[in-house]
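Engineer: Mind looking over this structure? Questions follow.
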There are 2 protein chains.
Amino acid sequence: MQNTPITLKFLAEKLKMSVSTVSKALNNYPTINEYTKKRVQEMARDLHFTPNKSAINLKERKSRIIGIILPNLLDYFFTRSIYGVEQFAMKNGYNVIISQSHDELEKEIQLADMLLKSRVDGLIVAISKNTQDFGHLDQFENMGIPVVYYTRNPSFNLSCHKVLGNTFQGCYQATKFLIDRGHKKIAYLGGPKMINFTHDRFNGYINALKDNNVPFKAELVAYTDFDKENTVSAIQNLFNDAENMPTALVAFKEPILFDAIKYLKSINHPKFNEIECIGFGNTPFISYLDSPPIASIEENPESVGENAIKLLLQLINREIEIQDYQKIMVDCQLVVH
Amino acid sequence: MQNTPITLKFLAEKLKMSVSTVSKALNNYPTINEYTKKRVQEMARDLHFTPNKSAINLKERKSRIIGIILPNLLDYFFTRSIYGVEQFAMKNGYNVIISQSHDELEKEIQLADMLLKSRVDGLIVAISKNTQDFGHLDQFENMGIPVVYYTRNPSFNLSCHKVLGNTFQGCYQATKFLIDRGHKKIAYLGGPKMINFTHDRFNGYINALKDNNVPFKAELVAYTDFDKENTVSAIQNLFNDAENMPTALVAFKEPILFDAIKYLKSINHPKFNEIECIGFGNTPFISYLDSPPIASIEENPESVGENAIKLLLQLINREIEIQDYQKIMVDCQLVVH
DNA sequence: AATAGCATTTCAAACGTTTGAAATAATTGA
DNA sequence: TCAATTATTTCAAACGTTTGAAATGCTATT
């Protein structure tokens, strides 16, 4: 048991050559004789040699660890996005530390410090809804560690790398879909105003209205953060005017939409069955709802995650200059249920 | 920008002492003078010295990486359990590689090999529903790398470390609860028979019946794997006998339960509203269902995860002998909605 | 004043790689 | 055949720590 680990040295002794020849043979150096390479590589394969990552990392002054900060793993979008990140990171020899801010700035700062101490080679972050000052994240770039913001990002700041869902297009499509089904009074229920793409989504909504000559009415727009009472009062506002009673609803996120639906049902809204809803997310749970949304906006979280890690690795490998700020958009699809 | 990293050597030069003194001072060696320690520690703090993990790992012949294999991150139980693992691992300087088998043995074997190559210091695994041969996992222990099975584990095998929910007790409690509410015909809908604790749960169910003098009827028991058609036909079996029509149902897992409820509703089961259901999981989504289960069995996934990583670290640190096989149970709670 | 004994610090090797420079071997040309 | 090339291999240092052994400094004892 507990066999001595296979190292370059061990291979070298077996093959009666120097450690450096073995190393270079395995790394396919052109100065190494082809036959030697073959011998070394075969031996390495047979003995199941695996290079020691710690040694390589030490030598290369890298940790091969990517940090991720996101609000909450229980959020369906983030869980799925992680999958894209992990897959691609792993394929490239990187490990990922996932950490949850619980949407609290305080915690986010702590995690950032922790990750900085862990010497991550790069950071992927979806900021908390309260993050407006970026000192704790800027320190990464100041130390030459690239940062990619994904999904939630500082809207006003052009000097950062961003990967995000094309939430404008998604919302445009959803609104258009409802218009095409004959709706004239489509409400928009936005998310926390602090989250930047709340506004992109709103713009998608409003542009779809405009392009299709549906008059915009300010009474049909309300915002909520993620807690229930807030959502309920937003919905009350939207549906309290008999004149302008909405017949359709586009919501920032499915959990919010579910709260809305639940509320409308609970008050026995007279036209409840005619109201058609769409939200961002495409949660599998929808199939269990008695009054499901008519469609969902699929945000392709895996793809967002994968694009974020791809970009980050390019930055880490200096294939893209760190100040050459990128903005990558991932399109949404409308999924009709 | 890109300031030279703070190393022991750097500190040593600043303080005009040797690297080893600095190292020992920071590690609180008794042979180092107290005053020296103070000076070193202060300097380290002021300069934000962080020891280089790669170097330490190389020296200590450790990777400080824990591997996790689980079926699916989109499963609410596993997502939550991860949280417990990550928190505790991080606190102890370990990183975690999470990998998903998608409940396929083939993929599980691949992942195991990958993690072995990554030289993880330990492995936490919830096996796929098809895992019956354990060669790919046994090789870890053969190389002295401890393995902890959590939740899903090889039931017949006593020679392994296990951390699992006390699913017997959870199911007992749920059944008892239904009996106390006057039910006499309580159906049990089990999960895949390959998953070992399907039987523990069944035993909880049956013992609760026995202890409360409710006669057991074989017709009231059915099994399903996780796909819908399967669940539907199981439910059909349970509810096709007018004589023994169940008035309550205990289900292996909430998603299965939701499928069952959905089906019963869809066929306009005459006594649908009287049927009371309980499933394992306590998914937050329940609040959006029109016909929610009357209660949920909360499995405390975070705690299961935390217990698994705690045990694993003890094994890694040889605080527990690797052959001194442990079995840790985490109790469930019944949450009435 | 020399020495034993202790406290404290430093030396030096090791962990497993990578890599430029130096050394050696093989081949070519005259 | 000998030098000049070229091909191939080896040396040696470095990455940043840890740690037992050796060295140094100091105090107390005689």
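Here's how to read the names in the structure tokens: chain A, B, ... by the order shown, residue numbers from 1 in each chain, ligand numbers from 1 in the order shown.
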Please, which residues of segment 71-110 of chain A, numbered as in this document, come out strand (DSSP E or B) from DSSP, as a list of chain:residue names?

Structural biologist: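 Of segment 71-110 of chain A, only A:Asn95, A:Val96, A:Ile97, A:Ile98, A:Ser99, A:Gln100 fall in strand (DSSP E or B).
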
Engineer: Kindly provide the residues of chain C that approach chain B to within 10 Å, each paired with its closest atom pair and their distance in Å to one decimal, based on only C-alpha atoms (C1' of nucleotides), listed by chain and increasing number, as a tab-separated table.

Structural biologist:
residue	atom	partner	partner_atom	distance
C:DA7	C1'	B:Thr31	CA	7.4
C:DT8	C1'	B:Ile32	CA	6.3
C:DT9	C1'	B:Thr21	CA	6.7
C:DT10	C1'	B:Ser18	CA	6.5
C:DC11	C1'	B:Ser20	CA	9.2
C:DA14	C1'	B:Lys59	CA	7.8
C:DC15	C1'	B:Lys59	CA	4.3
C:DG16	C1'	B:Leu58	CA	7.4

Engineer: Hey, what does DSSP flag as helix (DSSP H, G or I) within segment 35-138 of chain B? Can you give it to me as a PyMOL selection string?

Structural biologist: chain B and resi 35-46+53-60+76-91+105-117+135-138

Engineer: Go ahead and write the residues just picked, N, CA and C atoms, as a short mmCIF file (atom, residue, chain, number, x, y, z; two decimals), in the first residue's frame.

Structural biologist:
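Listing of again-v2.cif after writing:
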data_model
loop_
_atom_site.label_atom_id
_atom_site.label_comp_id
_atom_site.auth_asym_id
_atom_site.auth_seq_id
_atom_site.Cartn_x
_atom_site.Cartn_y
_atom_site.Cartn_z
N TYR B 35 10.30 37.84 22.11
CA TYR B 35 10.39 39.16 21.51
C TYR B 35 10.56 39.07 20.00
N THR B 36 11.37 38.11 19.60
CA THR B 36 11.55 37.89 18.16
C THR B 36 10.22 37.55 17.50
N LYS B 37 9.50 36.65 18.15
CA LYS B 37 8.19 36.27 17.61
C LYS B 37 7.33 37.50 17.40
N LYS B 38 7.29 38.31 18.43
CA LYS B 38 6.45 39.50 18.35
C LYS B 38 6.85 40.35 17.14
N ARG B 39 8.13 40.58 17.00
CA ARG B 39 8.60 41.43 15.89
C ARG B 39 8.20 40.83 14.55
N VAL B 40 8.44 39.53 14.42
CA VAL B 40 8.14 38.87 13.15
C VAL B 40 6.65 38.93 12.86
N GLN B 41 5.88 38.58 13.87
CA GLN B 41 4.44 38.52 13.64
C GLN B 41 3.87 39.89 13.29
N GLU B 42 4.40 40.91 13.95
CA GLU B 42 3.93 42.26 13.63
C GLU B 42 4.25 42.64 12.19
N MET B 43 5.47 42.36 11.82
CA MET B 43 5.89 42.69 10.45
C MET B 43 5.03 41.93 9.43
N ALA B 44 4.82 40.66 9.72
CA ALA B 44 4.02 39.83 8.81
C ALA B 44 2.62 40.42 8.66
N ARG B 45 2.08 40.84 9.77
CA ARG B 45 0.74 41.41 9.74
C ARG B 45 0.74 42.71 8.93
N ASP B 46 1.70 43.56 9.25
CA ASP B 46 1.73 44.86 8.58
C ASP B 46 1.90 44.74 7.07
N LYS B 53 0.59 28.80 -0.48
CA LYS B 53 -0.01 27.47 -0.32
C LYS B 53 0.71 26.41 -1.15
N SER B 54 1.05 26.75 -2.36
CA SER B 54 1.69 25.76 -3.23
C SER B 54 2.97 25.24 -2.59
N ALA B 55 3.72 26.17 -2.03
CA ALA B 55 4.98 25.77 -1.41
C ALA B 55 4.73 24.85 -0.22
N ILE B 56 3.78 25.24 0.60
CA ILE B 56 3.46 24.42 1.77
C ILE B 56 2.97 23.05 1.34
N ASN B 57 2.09 23.05 0.36
CA ASN B 57 1.54 21.78 -0.10
C ASN B 57 2.64 20.88 -0.66
N LEU B 58 3.53 21.50 -1.38
CA LEU B 58 4.64 20.73 -1.94
C LEU B 58 5.46 20.11 -0.80
N LYS B 59 5.80 20.97 0.14
CA LYS B 59 6.59 20.50 1.28
C LYS B 59 5.87 19.39 2.05
N GLU B 60 4.61 19.60 2.27
CA GLU B 60 3.87 18.65 3.10
C GLU B 60 3.31 17.48 2.30
N TYR B 76 -31.88 19.84 -4.96
CA TYR B 76 -31.88 20.76 -3.84
C TYR B 76 -31.09 20.24 -2.64
N PHE B 77 -31.20 18.97 -2.38
CA PHE B 77 -30.48 18.39 -1.25
C PHE B 77 -28.97 18.56 -1.44
N PHE B 78 -28.49 18.23 -2.60
CA PHE B 78 -27.05 18.28 -2.83
C PHE B 78 -26.52 19.71 -2.84
N THR B 79 -27.28 20.60 -3.46
CA THR B 79 -26.84 21.99 -3.46
C THR B 79 -26.67 22.49 -2.04
N ARG B 80 -27.66 22.18 -1.22
CA ARG B 80 -27.56 22.65 0.16
C ARG B 80 -26.41 21.96 0.90
N SER B 81 -26.23 20.68 0.64
CA SER B 81 -25.17 19.96 1.36
C SER B 81 -23.79 20.52 1.02
N ILE B 82 -23.62 20.91 -0.23
CA ILE B 82 -22.37 21.51 -0.67
C ILE B 82 -21.99 22.69 0.20
N TYR B 83 -23.02 23.43 0.57
CA TYR B 83 -22.74 24.62 1.36
C TYR B 83 -22.04 24.25 2.66
N GLY B 84 -22.56 23.22 3.32
CA GLY B 84 -21.93 22.77 4.56
C GLY B 84 -20.49 22.33 4.34
N VAL B 85 -20.28 21.65 3.25
CA VAL B 85 -18.93 21.15 2.95
C VAL B 85 -17.97 22.31 2.70
N GLU B 86 -18.37 23.18 1.81
CA GLU B 86 -17.48 24.28 1.40
C GLU B 86 -17.08 25.15 2.59
N GLN B 87 -18.07 25.52 3.37
CA GLN B 87 -17.82 26.38 4.52
C GLN B 87 -16.72 25.82 5.39
N PHE B 88 -16.90 24.57 5.77
CA PHE B 88 -16.00 23.96 6.73
C PHE B 88 -14.63 23.68 6.10
N ALA B 89 -14.65 23.27 4.86
CA ALA B 89 -13.39 22.98 4.16
C ALA B 89 -12.56 24.25 4.08
N MET B 90 -13.21 25.31 3.67
CA MET B 90 -12.53 26.59 3.49
C MET B 90 -11.90 27.05 4.80
N LYS B 91 -12.69 26.91 5.87
CA LYS B 91 -12.22 27.33 7.18
C LYS B 91 -10.94 26.58 7.56
N LEU B 105 -23.06 5.75 -13.80
CA LEU B 105 -21.88 5.06 -13.31
C LEU B 105 -20.66 5.38 -14.17
N GLU B 106 -20.87 5.34 -15.47
CA GLU B 106 -19.79 5.61 -16.42
C GLU B 106 -19.07 6.91 -16.09
N LYS B 107 -19.86 7.95 -15.94
CA LYS B 107 -19.34 9.29 -15.65
C LYS B 107 -18.69 9.31 -14.26
N GLU B 108 -19.28 8.60 -13.34
CA GLU B 108 -18.74 8.55 -11.98
C GLU B 108 -17.32 7.98 -12.00
N ILE B 109 -17.14 6.94 -12.80
CA ILE B 109 -15.82 6.32 -12.90
C ILE B 109 -14.81 7.30 -13.49
N GLN B 110 -15.23 7.98 -14.53
CA GLN B 110 -14.37 9.00 -15.14
C GLN B 110 -13.94 10.05 -14.11
N LEU B 111 -14.94 10.54 -13.37
CA LEU B 111 -14.66 11.59 -12.40
C LEU B 111 -13.72 11.09 -11.32
N ALA B 112 -13.94 9.86 -10.89
CA ALA B 112 -13.08 9.28 -9.85
C ALA B 112 -11.63 9.27 -10.35
N ASP B 113 -11.44 8.84 -11.59
CA ASP B 113 -10.08 8.80 -12.12
C ASP B 113 -9.48 10.19 -12.19
N MET B 114 -10.31 11.12 -12.63
CA MET B 114 -9.85 12.49 -12.73
C MET B 114 -9.41 13.01 -11.36
N LEU B 115 -10.23 12.75 -10.36
CA LEU B 115 -9.91 13.25 -9.02
C LEU B 115 -8.68 12.55 -8.44
N LEU B 116 -8.52 11.31 -8.78
CA LEU B 116 -7.34 10.59 -8.31
C LEU B 116 -6.09 11.23 -8.91
N LYS B 117 -6.18 11.54 -10.18
CA LYS B 117 -5.06 12.21 -10.84
C LYS B 117 -4.80 13.59 -10.24
N GLY B 135 -14.84 -0.56 -7.43
CA GLY B 135 -13.43 -0.53 -7.77
C GLY B 135 -12.88 0.87 -7.93
N HIS B 136 -13.62 1.69 -8.65
CA HIS B 136 -13.12 3.05 -8.93
C HIS B 136 -13.02 3.89 -7.66
N LEU B 137 -13.78 3.51 -6.63
CA LEU B 137 -13.71 4.27 -5.39
C LEU B 137 -12.74 3.61 -4.40
N ASP B 138 -12.67 2.30 -4.47
CA ASP B 138 -11.75 1.58 -3.58
C ASP B 138 -10.30 1.97 -3.82
#

Engineer: Residues of chain D no more than 12 Å from chain B, counting only C-alpha atoms (C1' of nucleotides): send them over as JSON, numbers by chain.

Structural biologist: {"D": [15, 16, 17, 18, 19, 20]}

Engineer: Output N, CA, C and O atoms (P, O5', C5', C4', C3', O3' and C1' of nucleotides) of each residue in that selection to a file, as a PDB file, in the first residue's frame.

Structural biologist:
ATOM      1  P    DC D  15      13.541  32.593  -6.801  1.00  0.00           P
ATOM      2  O5'  DC D  15      12.037  32.111  -6.738  1.00  0.00           O
ATOM      3  C5'  DC D  15      11.221  31.915  -7.882  1.00  0.00           C
ATOM      4  C4'  DC D  15      10.140  30.920  -7.529  1.00  0.00           C
ATOM      5  C3'  DC D  15       9.763  30.952  -6.047  1.00  0.00           C
ATOM      6  O3'  DC D  15       8.684  31.869  -5.883  1.00  0.00           O
ATOM      7  C1'  DC D  15       9.931  28.702  -6.916  1.00  0.00           C
ATOM      8  P    DG D  16       8.793  32.952  -4.703  1.00  0.00           P
ATOM      9  O5'  DG D  16       8.412  32.105  -3.421  1.00  0.00           O
ATOM     10  C5'  DG D  16       7.098  31.602  -3.319  1.00  0.00           C
ATOM     11  C4'  DG D  16       7.018  30.729  -2.098  1.00  0.00           C
ATOM     12  C3'  DG D  16       7.463  31.413  -0.796  1.00  0.00           C
ATOM     13  O3'  DG D  16       6.461  31.158   0.155  1.00  0.00           O
ATOM     14  C1'  DG D  16       8.584  29.371  -1.052  1.00  0.00           C
ATOM     15  P    DT D  17       6.427  31.802   1.580  1.00  0.00           P
ATOM     16  O5'  DT D  17       6.081  30.558   2.492  1.00  0.00           O
ATOM     17  C5'  DT D  17       7.002  29.773   2.957  1.00  0.00           C
ATOM     18  C4'  DT D  17       6.641  28.330   3.025  1.00  0.00           C
ATOM     19  C3'  DT D  17       7.018  27.794   4.392  1.00  0.00           C
ATOM     20  O3'  DT D  17       5.832  27.401   5.067  1.00  0.00           O
ATOM     21  C1'  DT D  17       8.166  26.607   2.635  1.00  0.00           C
ATOM     22  P    DT D  18       5.929  27.073   6.635  1.00  0.00           P
ATOM     23  O5'  DT D  18       6.804  25.738   6.692  1.00  0.00           O
ATOM     24  C5'  DT D  18       6.220  24.521   6.272  1.00  0.00           C
ATOM     25  C4'  DT D  18       7.184  23.396   6.527  1.00  0.00           C
ATOM     26  C3'  DT D  18       7.549  23.195   8.005  1.00  0.00           C
ATOM     27  O3'  DT D  18       7.415  21.799   8.242  1.00  0.00           O
ATOM     28  C1'  DT D  18       9.517  23.391   6.704  1.00  0.00           C
ATOM     29  P    DT D  19       7.346  21.251   9.736  1.00  0.00           P
ATOM     30  O5'  DT D  19       8.852  20.797  10.024  1.00  0.00           O
ATOM     31  C5'  DT D  19       9.459  19.818   9.186  1.00  0.00           C
ATOM     32  C4'  DT D  19      10.893  19.625   9.618  1.00  0.00           C
ATOM     33  C3'  DT D  19      11.118  19.768  11.132  1.00  0.00           C
ATOM     34  O3'  DT D  19      12.035  18.770  11.530  1.00  0.00           O
ATOM     35  C1'  DT D  19      12.544  21.217   9.994  1.00  0.00           C
ATOM     36  P    DG D  20      11.758  17.995  12.913  1.00  0.00           P
ATOM     37  O5'  DG D  20      13.144  17.243  13.114  1.00  0.00           O
ATOM     38  C5'  DG D  20      13.561  16.286  12.155  1.00  0.00           C
ATOM     39  C4'  DG D  20      15.048  16.429  11.936  1.00  0.00           C
ATOM     40  C3'  DG D  20      15.879  16.294  13.213  1.00  0.00           C
ATOM     41  O3'  DG D  20      17.043  15.531  12.913  1.00  0.00           O
ATOM     42  C1'  DG D  20      16.298  18.414  12.191  1.00  0.00           C
TER      43       DG D  20
END

Engineer: Using only C-alpha atoms, which chain A residues lie at most 7 Å away from chain B, written as JSON, numbers by chain?

Structural biologist: {"A": [1, 2, 50, 54, 55, 57, 58, 63, 74, 79, 95, 96, 97, 117, 142, 143, 144, 258, 262, 288, 289, 290]}

Engineer: Tell me, in Å to one decimal, how far atom CA of Glu302 of chain A is from atom CA of Gly67 of chain A.

Structural biologist: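 Separation of atom CA of Glu302 of chain A and atom CA of Gly67 of chain A: 17.0 Å.
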
Engineer: Using only C-alpha atoms (C1' of nucleotides) for the distances, tell me which of C:DA2, C:DA30, C:DT24, C:DA12 is nearest to DT1 of chain D.

Structural biologist: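 For DT1 of chain D, the nearest of the candidates is C:DA30.
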
Engineer: Which value, in Å to one decimal, gives the distance between atom CA of Tyr188 of chain B and atom CA of Val250 of chain B?

Structural biologist: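 Result for atom CA of Tyr188 of chain B versus atom CA of Val250 of chain B: 5.0 Å, one decimal.
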
Engineer: Between atom CA of Val120 of chain A and atom CA of Leu164 of chain A, what distance in Å does the model show, to one decimal?

Structural biologist: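 Atom-to-atom, atom CA of Val120 of chain A and atom CA of Leu164 of chain A are spaced 22.2 Å apart.
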
Engineer: Give me the residues within 7 Å of segment 193-196 of chain B as a ChimeraX atom specification, counting only C-alpha atoms (C1' of nucleotides) and dropping any in the same chain fewer than 6 places off.

Structural biologist: /B:129-130,152-155

Engineer: What does the file look like for those residues with N, CA and C atoms, as an mmCIF file, in the first residue's frame?

Structural biologist:
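Contents of the output file part-v4.cif:
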data_model
loop_
_atom_site.group_PDB
_atom_site.id
_atom_site.type_symbol
_atom_site.label_atom_id
_atom_site.label_comp_id
_atom_site.auth_asym_id
_atom_site.auth_seq_id
_atom_site.Cartn_x
_atom_site.Cartn_y
_atom_site.Cartn_z
ATOM 1 N N LYS B 129 -27.084 5.988 -8.853
ATOM 2 C CA LYS B 129 -28.059 4.958 -8.512
ATOM 3 C C LYS B 129 -27.689 3.604 -9.109
ATOM 4 N N ASN B 130 -26.713 3.594 -10.008
ATOM 5 C CA ASN B 130 -26.300 2.328 -10.613
ATOM 6 C C ASN B 130 -24.992 1.764 -10.075
ATOM 7 N N ARG B 152 -26.045 8.774 -0.222
ATOM 8 C CA ARG B 152 -26.104 7.529 -0.955
ATOM 9 C C ARG B 152 -24.826 6.728 -0.750
ATOM 10 N N ASN B 153 -24.947 5.544 -0.212
ATOM 11 C CA ASN B 153 -23.770 4.748 0.110
ATOM 12 C C ASN B 153 -24.055 3.278 -0.120
ATOM 13 N N PRO B 154 -22.993 2.492 -0.194
ATOM 14 C CA PRO B 154 -23.187 1.064 -0.415
ATOM 15 C C PRO B 154 -23.719 0.405 0.839
ATOM 16 N N SER B 155 -24.981 0.079 0.846
ATOM 17 C CA SER B 155 -25.641 -0.346 2.079
ATOM 18 C C SER B 155 -25.000 -1.594 2.677
#
